[in-house]
Structures are given as structure tokens and as C-alpha cells.
$ cat coords24.pdb   # PDB, C-alpha atoms
ATOM      1  CA  MET U   1       8.810 -36.801   5.411
ATOM      2  CA  THR U   2       9.530 -33.083   5.048
ATOM      3  CA  LEU U   3      11.290 -33.796   1.742
ATOM      4  CA  LEU U   4       8.295 -35.794   0.464
ATOM      5  CA  ARG U   5       5.916 -33.029   1.508
ATOM      6  CA  THR U   6       8.084 -30.431  -0.229
ATOM      7  CA  LEU U   7       8.310 -32.569  -3.383
ATOM      8  CA  LYS U   8       4.515 -32.899  -3.464
ATOM      9  CA  LYS U   9       4.265 -29.112  -3.065
ATOM     10  CA  LEU U  10       6.726 -28.683  -5.926
ATOM     11  CA  LEU U  11       4.766 -30.962  -8.259
ATOM     12  CA  VAL U  12       1.141 -30.048  -7.529
ATOM     13  CA  GLY U  13       1.599 -26.737  -5.715
ATOM     14  CA  GLU U  14      -0.188 -25.839  -2.495
ATOM     15  CA  THR U  15      -3.660 -26.698  -3.704
ATOM     16  CA  TRP U  16      -5.131 -29.545  -5.735
ATOM     17  CA  LEU U  17      -7.605 -27.031  -7.219
ATOM     18  CA  LEU U  18      -5.005 -25.792  -9.684
ATOM     19  CA  PRO U  19      -3.957 -29.060 -11.387
ATOM     20  CA  VAL U  20      -7.567 -30.278 -11.349
ATOM     21  CA  GLY U  21      -8.782 -26.970 -12.823
ATOM     22  CA  LEU U  22      -6.064 -27.147 -15.449
ATOM     23  CA  LEU U  23      -7.134 -30.676 -16.430
ATOM     24  CA  ILE U  24     -10.733 -29.475 -16.774
ATOM     25  CA  ALA U  25      -9.562 -26.525 -18.915
ATOM     26  CA  ILE U  26      -7.654 -28.901 -21.220
ATOM     27  CA  ALA U  27     -10.666 -31.241 -21.397
ATOM     28  CA  ILE U  28     -12.877 -28.285 -22.395
ATOM     29  CA  ALA U  29     -10.327 -27.251 -25.043
ATOM     30  CA  LEU U  30     -10.215 -30.802 -26.458
ATOM     31  CA  GLY U  31     -14.026 -30.949 -26.525
ATOM     32  CA  ALA U  32     -14.191 -27.584 -28.297
ATOM     33  CA  ARG U  33     -11.574 -28.722 -30.830
ATOM     34  CA  HIS U  34     -13.690 -31.761 -31.609
ATOM     35  CA  ALA U  35     -16.903 -29.716 -31.923
ATOM     36  CA  LEU U  36     -15.544 -26.707 -33.841
ATOM     37  CA  HIS U  37     -13.637 -28.589 -36.580
ATOM     38  CA  GLN U  38     -11.796 -26.079 -38.820
ATOM     39  CA  HIS U  39     -12.930 -23.056 -36.748
ATOM     40  CA  TRP U  40     -10.830 -24.389 -33.873
ATOM     41  CA  GLN U  41      -7.538 -23.221 -35.343
ATOM     42  CA  HIS U  42      -8.767 -19.609 -35.407
ATOM     43  CA  ILE U  43     -10.653 -19.317 -32.092
ATOM     44  CA  GLY U  44      -9.347 -22.297 -30.109
ATOM     45  CA  GLY U  45      -6.536 -20.294 -28.519
ATOM     46  CA  PHE U  46      -8.992 -17.776 -27.104
ATOM     47  CA  ILE U  47     -11.175 -20.572 -25.692
ATOM     48  CA  LEU U  48      -8.116 -22.028 -23.933
ATOM     49  CA  LEU U  49      -7.087 -18.549 -22.720
ATOM     50  CA  ALA U  50     -10.567 -17.972 -21.260
ATOM     51  CA  ALA U  51     -10.525 -21.378 -19.547
ATOM     52  CA  VAL U  52      -7.077 -20.733 -18.005
ATOM     53  CA  GLY U  53      -8.243 -17.264 -16.899
ATOM     54  CA  VAL U  54     -11.231 -18.862 -15.132
ATOM     55  CA  VAL U  55      -8.905 -21.425 -13.459
ATOM     56  CA  LEU U  56      -6.788 -18.552 -12.091
ATOM     57  CA  LEU U  57      -9.829 -16.567 -10.884
ATOM     58  CA  VAL U  58     -11.399 -19.594  -9.155
ATOM     59  CA  THR U  59      -8.214 -20.859  -7.463
ATOM     60  CA  VAL U  60      -7.289 -17.377  -6.189
ATOM     61  CA  ALA U  61     -10.842 -16.799  -4.898
ATOM     62  CA  ARG U  62     -11.033 -20.210  -3.185
ATOM     63  CA  THR U  63      -7.582 -20.070  -1.571
ATOM     64  CA  SER U  64      -8.168 -16.472  -0.492
ATOM     65  CA  ARG U  65     -11.323 -17.514   1.377
ATOM     66  CA  ARG U  66      -9.484 -20.324   3.174
ATOM     67  CA  ARG U  67      -7.126 -17.939   4.981
TER      68      ARG U  67
ATOM     69  CA  MET T  68      10.072  -9.927 -29.511
ATOM     70  CA  THR T  69       9.444 -13.530 -28.371
ATOM     71  CA  PHE T  70      13.244 -13.863 -28.038
ATOM     72  CA  VAL T  71      13.321 -10.984 -25.538
ATOM     73  CA  LEU T  72      10.321 -12.324 -23.614
ATOM     74  CA  ILE T  73      11.873 -15.805 -23.298
ATOM     75  CA  VAL T  74      15.217 -14.303 -22.158
ATOM     76  CA  LEU T  75      13.281 -12.222 -19.625
ATOM     77  CA  GLY T  76      11.075 -15.098 -18.436
ATOM     78  CA  ALA T  77      13.965 -17.560 -18.031
ATOM     79  CA  GLY T  78      16.220 -14.877 -16.530
ATOM     80  CA  VAL T  79      13.826 -13.665 -13.840
ATOM     81  CA  ALA T  80      12.583 -17.192 -12.993
ATOM     82  CA  VAL T  81      16.146 -18.477 -12.575
ATOM     83  CA  SER T  82      17.165 -15.368 -10.579
ATOM     84  CA  VAL T  83      14.340 -15.765  -8.082
ATOM     85  CA  GLU T  84      14.955 -19.509  -7.620
ATOM     86  CA  LEU T  85      18.731 -19.013  -7.322
ATOM     87  CA  LEU T  86      18.229 -16.303  -4.701
ATOM     88  CA  GLU T  87      16.129 -18.673  -2.613
ATOM     89  CA  ALA T  88      18.695 -21.483  -2.978
ATOM     90  CA  LEU T  89      21.534 -19.099  -2.130
ATOM     91  CA  ALA T  90      19.705 -17.850   0.968
ATOM     92  CA  ILE T  91      19.418 -21.453   2.240
ATOM     93  CA  VAL T  92      23.106 -22.242   1.543
ATOM     94  CA  PHE T  93      24.166 -18.993   3.277
ATOM     95  CA  ALA T  94      22.019 -19.804   6.280
ATOM     96  CA  VAL T  95      23.648 -23.254   6.611
ATOM     97  CA  ALA T  96      27.136 -21.776   6.110
ATOM     98  CA  VAL T  97      26.676 -19.007   8.679
ATOM     99  CA  THR T  98      24.949 -21.208  11.290
ATOM    100  CA  ARG T  99      27.128 -24.317  10.771
ATOM    101  CA  ARG T 100      30.200 -24.648   8.514
ATOM    102  CA  TRP T 101      30.959 -23.353   5.006
ATOM    103  CA  SER T 102      32.494 -26.681   3.884
ATOM    104  CA  ASP T 103      29.362 -28.717   4.728
ATOM    105  CA  ALA T 104      27.023 -26.109   3.202
ATOM    106  CA  LEU T 105      29.021 -26.039  -0.056
ATOM    107  CA  LEU T 106      29.283 -29.840  -0.178
ATOM    108  CA  GLY T 107      25.502 -30.242   0.187
ATOM    109  CA  ALA T 108      24.879 -27.536  -2.433
ATOM    110  CA  LEU T 109      27.411 -29.038  -4.844
ATOM    111  CA  ALA T 110      25.805 -32.503  -4.605
ATOM    112  CA  ALA T 111      22.422 -30.933  -5.444
ATOM    113  CA  VAL T 112      23.899 -29.011  -8.414
ATOM    114  CA  VAL T 113      25.338 -32.295  -9.786
ATOM    115  CA  ALA T 114      21.927 -34.003  -9.359
ATOM    116  CA  CYS T 115      20.201 -31.119 -11.187
ATOM    117  CA  ALA T 116      22.787 -31.152 -14.007
ATOM    118  CA  LEU T 117      22.220 -34.899 -14.493
ATOM    119  CA  LEU T 118      18.462 -34.282 -14.602
ATOM    120  CA  ALA T 119      18.920 -31.505 -17.208
ATOM    121  CA  VAL T 120      21.156 -33.694 -19.391
ATOM    122  CA  ALA T 121      18.611 -36.527 -19.225
ATOM    123  CA  LEU T 122      15.468 -34.422 -19.667
ATOM    124  CA  GLY T 123      16.313 -32.336 -22.760
ATOM    125  CA  PRO T 124      17.469 -35.027 -25.222
ATOM    126  CA  VAL T 125      14.759 -37.501 -24.092
ATOM    127  CA  LEU T 126      12.023 -34.923 -24.688
ATOM    128  CA  LEU T 127      13.444 -33.801 -28.047
ATOM    129  CA  GLY T 128      14.316 -37.238 -29.368
ATOM    130  CA  SER T 129      11.292 -39.336 -28.521
ATOM    131  CA  VAL T 130       8.197 -37.123 -28.417
ATOM    132  CA  PRO T 131       6.386 -35.767 -31.530
ATOM    133  CA  LEU T 132       6.532 -31.946 -31.839
ATOM    134  CA  ASP T 133       2.839 -31.215 -31.173
ATOM    135  CA  THR T 134       2.725 -33.539 -28.152
ATOM    136  CA  LEU T 135       5.945 -31.921 -26.914
ATOM    137  CA  ARG T 136       4.336 -28.465 -27.175
ATOM    138  CA  VAL T 137       1.350 -29.640 -25.116
ATOM    139  CA  ILE T 138       3.611 -31.232 -22.440
ATOM    140  CA  ILE T 139       5.813 -28.117 -22.237
ATOM    141  CA  GLY T 140       2.781 -25.835 -22.173
ATOM    142  CA  LEU T 141       1.183 -27.833 -19.359
ATOM    143  CA  LEU T 142       4.404 -27.729 -17.288
ATOM    144  CA  LEU T 143       4.642 -23.962 -17.791
ATOM    145  CA  LEU T 144       0.968 -23.565 -16.892
ATOM    146  CA  LEU T 145       1.385 -25.629 -13.701
ATOM    147  CA  PHE T 146       4.342 -23.536 -12.510
ATOM    148  CA  GLY T 147       3.113 -20.217 -13.917
ATOM    149  CA  LEU T 148      -0.426 -20.417 -12.512
ATOM    150  CA  GLU T 149       0.873 -21.386  -9.052
ATOM    151  CA  TRP T 150       3.285 -18.409  -9.022
ATOM    152  CA  LEU T 151       0.545 -16.130 -10.329
ATOM    153  CA  ARG T 152      -2.015 -17.381  -7.778
ATOM    154  CA  LYS T 153       0.345 -16.726  -4.853
ATOM    155  CA  ALA T 154       1.465 -13.357  -6.255
ATOM    156  CA  THR T 155      -2.147 -12.225  -6.769
ATOM    157  CA  LEU T 156      -2.915 -13.085  -3.125
ATOM    158  CA  ARG T 157       0.270 -11.307  -1.956
ATOM    159  CA  LEU T 158      -0.472  -8.168  -3.970
ATOM    160  CA  ALA T 159      -3.980  -8.164  -2.476
ATOM    161  CA  GLY T 160      -2.507  -8.376   1.040
ATOM    162  CA  ARG T 161      -4.073 -11.815   1.600
ATOM    163  CA  ARG T 162      -0.706 -13.557   2.049
ATOM    164  CA  ALA T 163       2.718 -12.591   3.419
ATOM    165  CA  ARG T 164       5.004 -11.011   0.833
ATOM    166  CA  SER T 165       7.646 -13.244  -0.731
ATOM    167  CA  SER T 166      11.103 -12.971   0.834
ATOM    168  CA  SER T 167      14.331 -14.932   0.481
ATOM    169  CA  LEU T 168      15.381 -13.288   3.727
ATOM    170  CA  ALA T 169      12.539 -15.129   5.493
ATOM    171  CA  GLU T 170      13.861 -18.335   3.892
ATOM    172  CA  PHE T 171      17.309 -17.507   5.384
ATOM    173  CA  VAL T 172      15.883 -16.992   8.877
ATOM    174  CA  GLU T 173      13.676 -20.137   8.677
ATOM    175  CA  THR T 174      16.669 -22.282   7.669
ATOM    176  CA  GLN T 175      18.734 -20.902  10.550
ATOM    177  CA  GLU T 176      15.912 -21.712  12.986
ATOM    178  CA  GLU T 177      15.536 -25.233  11.513
ATOM    179  CA  LEU T 178      19.249 -25.930  12.107
ATOM    180  CA  ASN T 179      19.308 -24.521  15.633
ATOM    181  CA  GLU T 180      17.651 -27.736  16.830
ATOM    182  CA  ALA T 181      20.461 -30.034  15.547
ATOM    183  CA  PRO T 182      23.736 -29.962  17.551
ATOM    184  CA  LEU T 183      26.873 -29.139  15.530
ATOM    185  CA  PRO T 184      29.304 -32.131  15.468
ATOM    186  CA  PRO T 185      32.935 -31.497  16.530
ATOM    187  CA  ALA T 186      35.478 -30.255  13.945
ATOM    188  CA  GLY T 187      36.622 -33.002  11.587
ATOM    189  CA  GLU T 188      33.295 -34.877  11.705
ATOM    190  CA  PRO T 189      30.763 -34.451   8.884
ATOM    191  CA  ASP T 190      27.755 -32.266   9.641
ATOM    192  CA  TRP T 191      25.024 -34.327   7.954
ATOM    193  CA  ALA T 192      22.184 -32.093   9.160
ATOM    194  CA  GLY T 193      23.792 -29.040   7.526
ATOM    195  CA  ARG T 194      24.672 -30.912   4.341
ATOM    196  CA  LEU T 195      21.150 -32.316   4.043
ATOM    197  CA  VAL T 196      19.442 -28.940   4.509
ATOM    198  CA  ALA T 197      21.741 -27.313   1.896
ATOM    199  CA  PHE T 198      21.237 -30.274  -0.479
ATOM    200  CA  LYS T 199      17.439 -30.268  -0.105
ATOM    201  CA  GLY T 200      17.140 -26.505  -0.574
ATOM    202  CA  VAL T 201      19.332 -26.345  -3.670
ATOM    203  CA  LEU T 202      17.815 -29.527  -5.168
ATOM    204  CA  LEU T 203      14.208 -28.342  -4.927
ATOM    205  CA  GLU T 204      14.911 -24.847  -6.288
ATOM    206  CA  GLY T 205      17.200 -26.445  -8.912
ATOM    207  CA  ILE T 206      14.520 -28.843 -10.165
ATOM    208  CA  GLU T 207      12.201 -25.875 -10.782
ATOM    209  CA  ILE T 208      15.003 -24.128 -12.700
ATOM    210  CA  VAL T 209      15.680 -27.229 -14.832
ATOM    211  CA  VAL T 210      11.996 -27.739 -15.686
ATOM    212  CA  ILE T 211      11.318 -24.062 -16.523
ATOM    213  CA  VAL T 212      14.487 -23.568 -18.603
ATOM    214  CA  THR T 213      14.066 -26.920 -20.413
ATOM    215  CA  ALA T 214      10.449 -26.064 -21.216
ATOM    216  CA  LEU T 215      11.324 -22.586 -22.521
ATOM    217  CA  ALA T 216      14.323 -23.999 -24.450
ATOM    218  CA  GLU T 217      12.314 -26.635 -26.339
ATOM    219  CA  ARG T 218      11.108 -24.156 -28.981
ATOM    220  CA  PRO T 219      11.428 -24.872 -32.707
ATOM    221  CA  SER T 220      13.406 -21.590 -32.887
ATOM    222  CA  GLY T 221      16.032 -23.095 -30.582
ATOM    223  CA  PRO T 222      17.175 -23.011 -26.972
ATOM    224  CA  ALA T 223      19.337 -19.844 -27.248
ATOM    225  CA  PRO T 224      17.036 -17.286 -25.518
ATOM    226  CA  ALA T 225      16.188 -19.555 -22.558
ATOM    227  CA  LEU T 226      19.838 -20.523 -22.035
ATOM    228  CA  LEU T 227      20.946 -16.882 -22.400
ATOM    229  CA  GLY T 228      18.396 -15.724 -19.808
ATOM    230  CA  ALA T 229      19.409 -18.504 -17.409
ATOM    231  CA  ALA T 230      23.137 -17.795 -17.858
ATOM    232  CA  LEU T 231      22.685 -14.037 -17.298
ATOM    233  CA  ALA T 232      20.649 -14.729 -14.176
ATOM    234  CA  ALA T 233      23.262 -17.153 -12.838
ATOM    235  CA  VAL T 234      26.081 -14.634 -13.373
ATOM    236  CA  VAL T 235      24.164 -11.749 -11.779
ATOM    237  CA  VAL T 236      22.829 -13.667  -8.766
ATOM    238  CA  LEU T 237      26.008 -15.614  -7.983
ATOM    239  CA  SER T 238      28.229 -12.552  -8.290
ATOM    240  CA  ALA T 239      25.826 -10.670  -6.023
ATOM    241  CA  GLY T 240      26.092 -13.497  -3.500
ATOM    242  CA  ALA T 241      28.997 -11.857  -1.669
ATOM    243  CA  TRP T 242      26.802  -8.994  -0.478
ATOM    244  CA  LEU T 243      23.579 -10.968  -0.491
ATOM    245  CA  ARG T 244      21.864 -10.150   2.749
ATOM    246  CA  LYS T 245      21.270  -6.415   2.357
ATOM    247  CA  PRO T 246      19.966  -6.538  -1.235
ATOM    248  CA  LEU T 247      17.565  -9.332  -0.216
ATOM    249  CA  GLU T 248      15.754  -6.906   2.052
ATOM    250  CA  ARG T 249      15.209  -4.463  -0.802
ATOM    251  CA  LEU T 250      14.267  -6.793  -3.679
ATOM    252  CA  PRO T 251      10.611  -6.545  -4.782
ATOM    253  CA  GLU T 252      10.360 -10.354  -4.878
ATOM    254  CA  THR T 253       6.561 -10.422  -4.895
ATOM    255  CA  GLU T 254       6.421  -8.230  -8.018
ATOM    256  CA  LEU T 255       9.212 -10.235  -9.713
ATOM    257  CA  LYS T 256       7.388 -13.496  -9.028
ATOM    258  CA  TRP T 257       4.138 -11.961 -10.303
ATOM    259  CA  GLY T 258       5.913 -11.034 -13.564
ATOM    260  CA  VAL T 259       7.357 -14.532 -13.942
ATOM    261  CA  GLY T 260       3.932 -16.047 -13.230
ATOM    262  CA  VAL T 261       2.345 -13.902 -15.964
ATOM    263  CA  LEU T 262       5.086 -14.801 -18.483
ATOM    264  CA  LEU T 263       5.104 -18.553 -17.755
ATOM    265  CA  THR T 264       1.294 -18.769 -17.850
ATOM    266  CA  SER T 265       1.154 -16.862 -21.149
ATOM    267  CA  PHE T 266       3.807 -19.077 -22.741
ATOM    268  CA  GLY T 267       1.934 -22.103 -21.366
ATOM    269  CA  VAL T 268      -1.348 -21.067 -23.041
ATOM    270  CA  PHE T 269       0.558 -20.275 -26.250
ATOM    271  CA  PHE T 270       2.351 -23.655 -26.432
ATOM    272  CA  VAL T 271      -0.634 -25.832 -25.441
ATOM    273  CA  ALA T 272      -2.839 -24.112 -28.047
ATOM    274  CA  GLU T 273      -0.146 -24.476 -30.730
ATOM    275  CA  GLY T 274       0.207 -28.164 -29.840
ATOM    276  CA  LEU T 275      -3.561 -28.568 -30.290
ATOM    277  CA  GLY T 276      -3.433 -27.080 -33.800
ATOM    278  CA  VAL T 277      -4.265 -23.405 -33.135
ATOM    279  CA  HIS T 278      -2.890 -20.698 -35.470
ATOM    280  CA  TRP T 279      -2.525 -17.598 -33.297
ATOM    281  CA  PRO T 280      -3.429 -14.311 -35.004
ATOM    282  CA  GLY T 281      -0.122 -12.414 -35.243
ATOM    283  CA  GLY T 282       2.027 -15.567 -34.918
ATOM    284  CA  ASP T 283       4.645 -15.444 -32.142
ATOM    285  CA  ALA T 284       3.576 -11.861 -31.285
ATOM    286  CA  ALA T 285       0.410 -13.398 -29.792
ATOM    287  CA  VAL T 286       2.468 -13.917 -26.613
ATOM    288  CA  LEU T 287       2.257 -10.127 -26.127
ATOM    289  CA  TYR T 288      -1.538  -9.995 -25.950
ATOM    290  CA  LEU T 289      -1.628 -13.186 -23.879
ATOM    291  CA  VAL T 290       0.708 -11.472 -21.373
ATOM    292  CA  ALA T 291      -1.568  -8.393 -21.376
ATOM    293  CA  VAL T 292      -4.712 -10.491 -20.721
ATOM    294  CA  MET T 293      -3.189 -12.606 -17.908
ATOM    295  CA  ALA T 294      -1.682  -9.504 -16.269
ATOM    296  CA  ALA T 295      -5.028  -7.694 -16.467
ATOM    297  CA  ILE T 296      -6.977 -10.637 -14.968
ATOM    298  CA  SER T 297      -4.526 -11.014 -12.076
ATOM    299  CA  GLN T 298      -4.277  -7.273 -11.319
ATOM    300  CA  ALA T 299      -8.059  -6.806 -11.472
ATOM    301  CA  GLN T 300      -8.616  -9.695  -9.071
ATOM    302  CA  SER T 301      -5.913  -8.561  -6.628
ATOM    303  CA  HIS T 302      -7.402  -5.022  -6.559
ATOM    304  CA  TRP T 303     -10.881  -6.450  -6.046
ATOM    305  CA  LEU T 304      -9.678  -8.707  -3.198
ATOM    306  CA  ALA T 305      -7.772  -5.831  -1.561
ATOM    307  CA  ARG T 306     -10.858  -3.579  -1.741
ATOM    308  CA  ALA T 307     -13.081  -6.351  -0.367
ATOM    309  CA  ALA T 308     -10.686  -6.820   2.569
ATOM    310  CA  ARG T 309     -10.806  -3.084   3.387
ATOM    311  CA  ALA T 310     -14.613  -2.882   3.138
TER     312      ALA T 310
END

$ encode --input "coords24.pdb" --output "C-alpha cells"
Amino acid sequence: MTLLRTLKKLLVGETWLLPVGLLIAIAIALGARHALHQHWQHIGGFILLAAVGVVLLVTVARTSRRR
Amino acid sequence: MTFVLIVLGAGVAVSVELLEALAIVFAVAVTRRWSDALLGALAAVVACALLAVALGPVLLGSVPLDTLRVIIGLLLLLFGLEWLRKATLRLAGRRARSSSLAEFVETQEELNEAPLPPAGEPDWAGRLVAFKGVLLEGIEIVVIVTALAERPSGPAPALLGAALAAVVVLSAGAWLRKPLERLPETELKWGVGVLLTSFGVFFVAEGLGVHWPGGDAAVLYLVAVMAAISQAQSHWLARAARA
């Protein structure tokens, strides 16, 4: 049981917020790639960077409040 | 420059994980018996080596390059963001600082509850704790090093970083306990979190067809942005806690 719990922690971390947030960030990036066409290759990286930055800010803020 | 960053990222990540694994093995050895601790650790090392041998060629041989970049980037982001989240909270004083010494003490306490079998009989509790500890830290090492090694430029920097870390940490093992008290593990883990997250963003974007301004050097400004976000938030949280 402890091993299973530790394996789950290893795979998804301590909070589901992070993998879920990451999935949303990737979905946003895919949507932007579809909408921006050829502009994507120049600004797409910065859109992804901003989305990942927001994921970090939100997960830190939420898990900080929980303690 | 990317070469140096990958060596650094793989090296520090492997060092930190190895330290934690070593602390667990030492705790089992000191509390129980060296032979059982080493046997458990050795079994976990074999399991991790088999995983590494299976993972690398399968990824390289059967997945298209762009998809591979996205998969690797996502793995790095999952690990990197988790390390960075915890480190940001620790730097802000919202979570206990990281310590392999604490891991050592916890393992000793965990084993105190199981009676030690007489000499000549296998100590399964000790073996299992050593196996579990080394396996879990080892899986993280395999995933991080494999991900950093799967670059079109080759696996050399990731393997070099991992090998250097292994040599340094294992040779330091003999006088492990004292240095553990002095290591700035929280700051090291924060640095690894920043590096892994930056490489993750870089690879996922490349896999989705992005051309980064500056090419591979883009990793440098990605590192600067992620470090700035994390530091700003940890300072803000620390100030809010004091207010």
C-alpha cells in the first residue's frame, strides 16, 4: 500500500493540480497553434512558456494555502 | 552552452536523487545489517538498469522525432514543475526544507518497528525498505537522464552529467552523514526544477513546430524567466506570511 502510494506520488506528484494544469496548458498551446497558422512557429514558444508559468503560479498559490 | 546546461541539469538531478537513495541504504545498513541493505539496493539497481535499457531504444526506435520531443518535454515538465513548486514553497518558508538527513532518520524510525531476525536468516523488512528507496529514486534518475539524453545532438551531455554525479556522490558515501547536514538541498532542487522545466518548455514547443529565436540558446532565456517567476512568487509568499 505504501509502495503504491509512493508510486502514485512519483507519477503525478503531490497534487493533481499540476498534471491537470499541464494538460490545460498543452491544450491551449494546441488551440493557439491551430488558430495562429504560420505565426505559431515564431510566437508559439512564448505562449507555451506563459501557460507553464501560470501553471506554476497557480499550483504554488493553491498548495501554499492548503498548509 | 546547451551542452553545459544538460550536463549540469542531469548531474545535479542525479546527485540529489542518489543522495536520497544512499541515505535510505545507509539507514537500513546502520539499523539492521549491511548485507541485507546492499542486497535490496543491488536488486533495485538491476531493475532500474533493465528499465533504462528498455526505455531508451523503444523511445528512439518507434516514435517519430516531433512526438518524441513532446513526450520528453512533458516528462521533464511533470518532474521539473513538481520540484520547482516544492522548492518555491520551501524558499518561502511555507514547507520544511529538503533534507536527505531527514530521510535517513525517517527510514531508521520505520525499521525500528520490525524485529531483526537472528543471524543467518534473511532480513526481508530491511531488504524491502532498501529496495523500495533505491527503486523509486532510481526510476526518477532513469526518466530524467533518458529524457535529457534523447536529443538530436546525442546523449553525451546527459550521460556525462549522470556519470560525474554518480562518481562524486558514491565516493562521498563513506563520509556521508556530516556533509548531508551542510548541503543546500533546497537550493539545489530549486535549480534542477528550473532547468528541467525550461528544457521541458523548449522540447514541447520544438515538437509542436516552434522555431525558438536564438536556436538552442533559447534555453538560457527560458531558464531566466522560470527562475524569475519562482523567485518572485517565493518572495511574495514569504512577505505575505510575515505581514

$ axis_aligned_box --input "coords24.pdb" --around "region 24-43 of chain U" --padding-each-side "4 Å" --output "JSON"
{"center_x": -12.2, "center_y": -25.5, "center_z": -27.8, "size_x": 17.4, "size_y": 20.4, "size_z": 30.0}

$ interface_residues --input "coords24.pdb" --of "chain T" --to "chain U" --cutoff "9 Å" --atoms "only C-alpha atoms" --output "PDB file with C-alpha atoms, keeping the file's coordinate frame"
ATOM      1  CA  LEU T 141       1.183 -27.833 -19.359  1.00  0.00           C
ATOM      2  CA  LEU T 144       0.968 -23.565 -16.892  1.00  0.00           C
ATOM      3  CA  LEU T 145       1.385 -25.629 -13.701  1.00  0.00           C
ATOM      4  CA  PHE T 146       4.342 -23.536 -12.510  1.00  0.00           C
ATOM      5  CA  LEU T 148      -0.426 -20.417 -12.512  1.00  0.00           C
ATOM      6  CA  GLU T 149       0.873 -21.386  -9.052  1.00  0.00           C
ATOM      7  CA  LEU T 151       0.545 -16.130 -10.329  1.00  0.00           C
ATOM      8  CA  ARG T 152      -2.015 -17.381  -7.778  1.00  0.00           C
ATOM      9  CA  LYS T 153       0.345 -16.726  -4.853  1.00  0.00           C
ATOM     10  CA  THR T 155      -2.147 -12.225  -6.769  1.00  0.00           C
ATOM     11  CA  LEU T 156      -2.915 -13.085  -3.125  1.00  0.00           C
ATOM     12  CA  ARG T 161      -4.073 -11.815   1.600  1.00  0.00           C
ATOM     13  CA  ARG T 162      -0.706 -13.557   2.049  1.00  0.00           C
ATOM     14  CA  LYS T 199      17.439 -30.268  -0.105  1.00  0.00           C
ATOM     15  CA  LEU T 203      14.208 -28.342  -4.927  1.00  0.00           C
ATOM     16  CA  ILE T 206      14.520 -28.843 -10.165  1.00  0.00           C
ATOM     17  CA  GLU T 207      12.201 -25.875 -10.782  1.00  0.00           C
ATOM     18  CA  THR T 264       1.294 -18.769 -17.850  1.00  0.00           C
ATOM     19  CA  SER T 265       1.154 -16.862 -21.149  1.00  0.00           C
ATOM     20  CA  VAL T 268      -1.348 -21.067 -23.041  1.00  0.00           C
ATOM     21  CA  PHE T 269       0.558 -20.275 -26.250  1.00  0.00           C
ATOM     22  CA  VAL T 271      -0.634 -25.832 -25.441  1.00  0.00           C
ATOM     23  CA  ALA T 272      -2.839 -24.112 -28.047  1.00  0.00           C
ATOM     24  CA  GLU T 273      -0.146 -24.476 -30.730  1.00  0.00           C
ATOM     25  CA  LEU T 275      -3.561 -28.568 -30.290  1.00  0.00           C
ATOM     26  CA  GLY T 276      -3.433 -27.080 -33.800  1.00  0.00           C
ATOM     27  CA  VAL T 277      -4.265 -23.405 -33.135  1.00  0.00           C
ATOM     28  CA  HIS T 278      -2.890 -20.698 -35.470  1.00  0.00           C
ATOM     29  CA  TRP T 279      -2.525 -17.598 -33.297  1.00  0.00           C
ATOM     30  CA  PRO T 280      -3.429 -14.311 -35.004  1.00  0.00           C
ATOM     31  CA  LEU T 289      -1.628 -13.186 -23.879  1.00  0.00           C
ATOM     32  CA  VAL T 292      -4.712 -10.491 -20.721  1.00  0.00           C
ATOM     33  CA  MET T 293      -3.189 -12.606 -17.908  1.00  0.00           C
ATOM     34  CA  ILE T 296      -6.977 -10.637 -14.968  1.00  0.00           C
ATOM     35  CA  SER T 297      -4.526 -11.014 -12.076  1.00  0.00           C
ATOM     36  CA  GLN T 300      -8.616  -9.695  -9.071  1.00  0.00           C
ATOM     37  CA  SER T 301      -5.913  -8.561  -6.628  1.00  0.00           C
ATOM     38  CA  LEU T 304      -9.678  -8.707  -3.198  1.00  0.00           C
TER      39      LEU T 304
END

$ residues_around --input "coords24.pdb" --residues "region 113-119 of chain T" --least-positions-apart "2" --cutoff "8 Å" --atoms "all atoms listed in the file" --output "tab-separated table (two decimals) with C-alpha atoms, in the frame of the given file"
chain	number	residue	atom	x	y	z
T	109	LEU	CA	27.41	-29.04	-4.84
T	110	ALA	CA	25.80	-32.50	-4.61
T	111	ALA	CA	22.42	-30.93	-5.44
T	121	ALA	CA	18.61	-36.53	-19.23
T	122	LEU	CA	15.47	-34.42	-19.67
T	123	GLY	CA	16.31	-32.34	-22.76
T	202	LEU	CA	17.82	-29.53	-5.17
T	205	GLY	CA	17.20	-26.44	-8.91
T	206	ILE	CA	14.52	-28.84	-10.16
T	209	VAL	CA	15.68	-27.23	-14.83
T	213	THR	CA	14.07	-26.92	-20.41

$ atom_distance --input "coords24.pdb" --atom1 "CA of Leu255 (chain T)" --atom2 "CA of Leu86 (chain T)"
12.0 Å

$ residues_around --input "coords24.pdb" --residues "Asp190 (chain T)" --least-positions-apart "3" --cutoff "12 Å" --atoms "all atoms listed in the file" --output "ChimeraX atom specification"
/T:95-96,98-107,178,181-187,193-197

$ decode --input "coords24.pdb" --residues "region 42-52 of chain U" --atoms "N, CA and C atoms" --output "CSV table (one decimal), in the first residue's frame"
chain,number,residue,atom,x,y,z
U,42,HIS,N,6.7,31.3,-34.7
U,42,HIS,CA,7.5,32.4,-34.1
U,42,HIS,C,7.1,32.8,-32.7
U,43,ILE,N,5.8,32.7,-32.4
U,43,ILE,CA,5.4,33.2,-31.0
U,43,ILE,C,4.8,32.0,-30.2
U,44,GLY,N,4.7,30.8,-30.8
U,44,GLY,CA,4.1,29.7,-30.0
U,44,GLY,C,4.9,29.3,-28.8
U,45,GLY,N,6.2,29.4,-28.8
U,45,GLY,CA,7.0,29.1,-27.7
U,45,GLY,C,6.7,30.0,-26.5
U,46,PHE,N,6.5,31.2,-26.8
U,46,PHE,CA,6.2,32.2,-25.7
U,46,PHE,C,4.8,32.0,-25.1
U,47,ILE,N,3.9,31.5,-26.0
U,47,ILE,CA,2.6,31.2,-25.5
U,47,ILE,C,2.6,30.0,-24.5
U,48,LEU,N,3.4,29.0,-24.9
U,48,LEU,CA,3.6,27.8,-24.0
U,48,LEU,C,4.3,28.2,-22.7
U,49,LEU,N,5.3,29.1,-22.9
U,49,LEU,CA,6.1,29.5,-21.7
U,49,LEU,C,5.2,30.2,-20.7
U,50,ALA,N,4.3,31.1,-21.2
U,50,ALA,CA,3.4,31.9,-20.4
U,50,ALA,C,2.4,30.9,-19.7
U,51,ALA,N,1.9,29.9,-20.5
U,51,ALA,CA,0.9,29.0,-19.9
U,51,ALA,C,1.6,28.1,-18.8
U,52,VAL,N,2.8,27.7,-19.0
U,52,VAL,CA,3.5,26.9,-18.0
U,52,VAL,C,3.8,27.8,-16.7
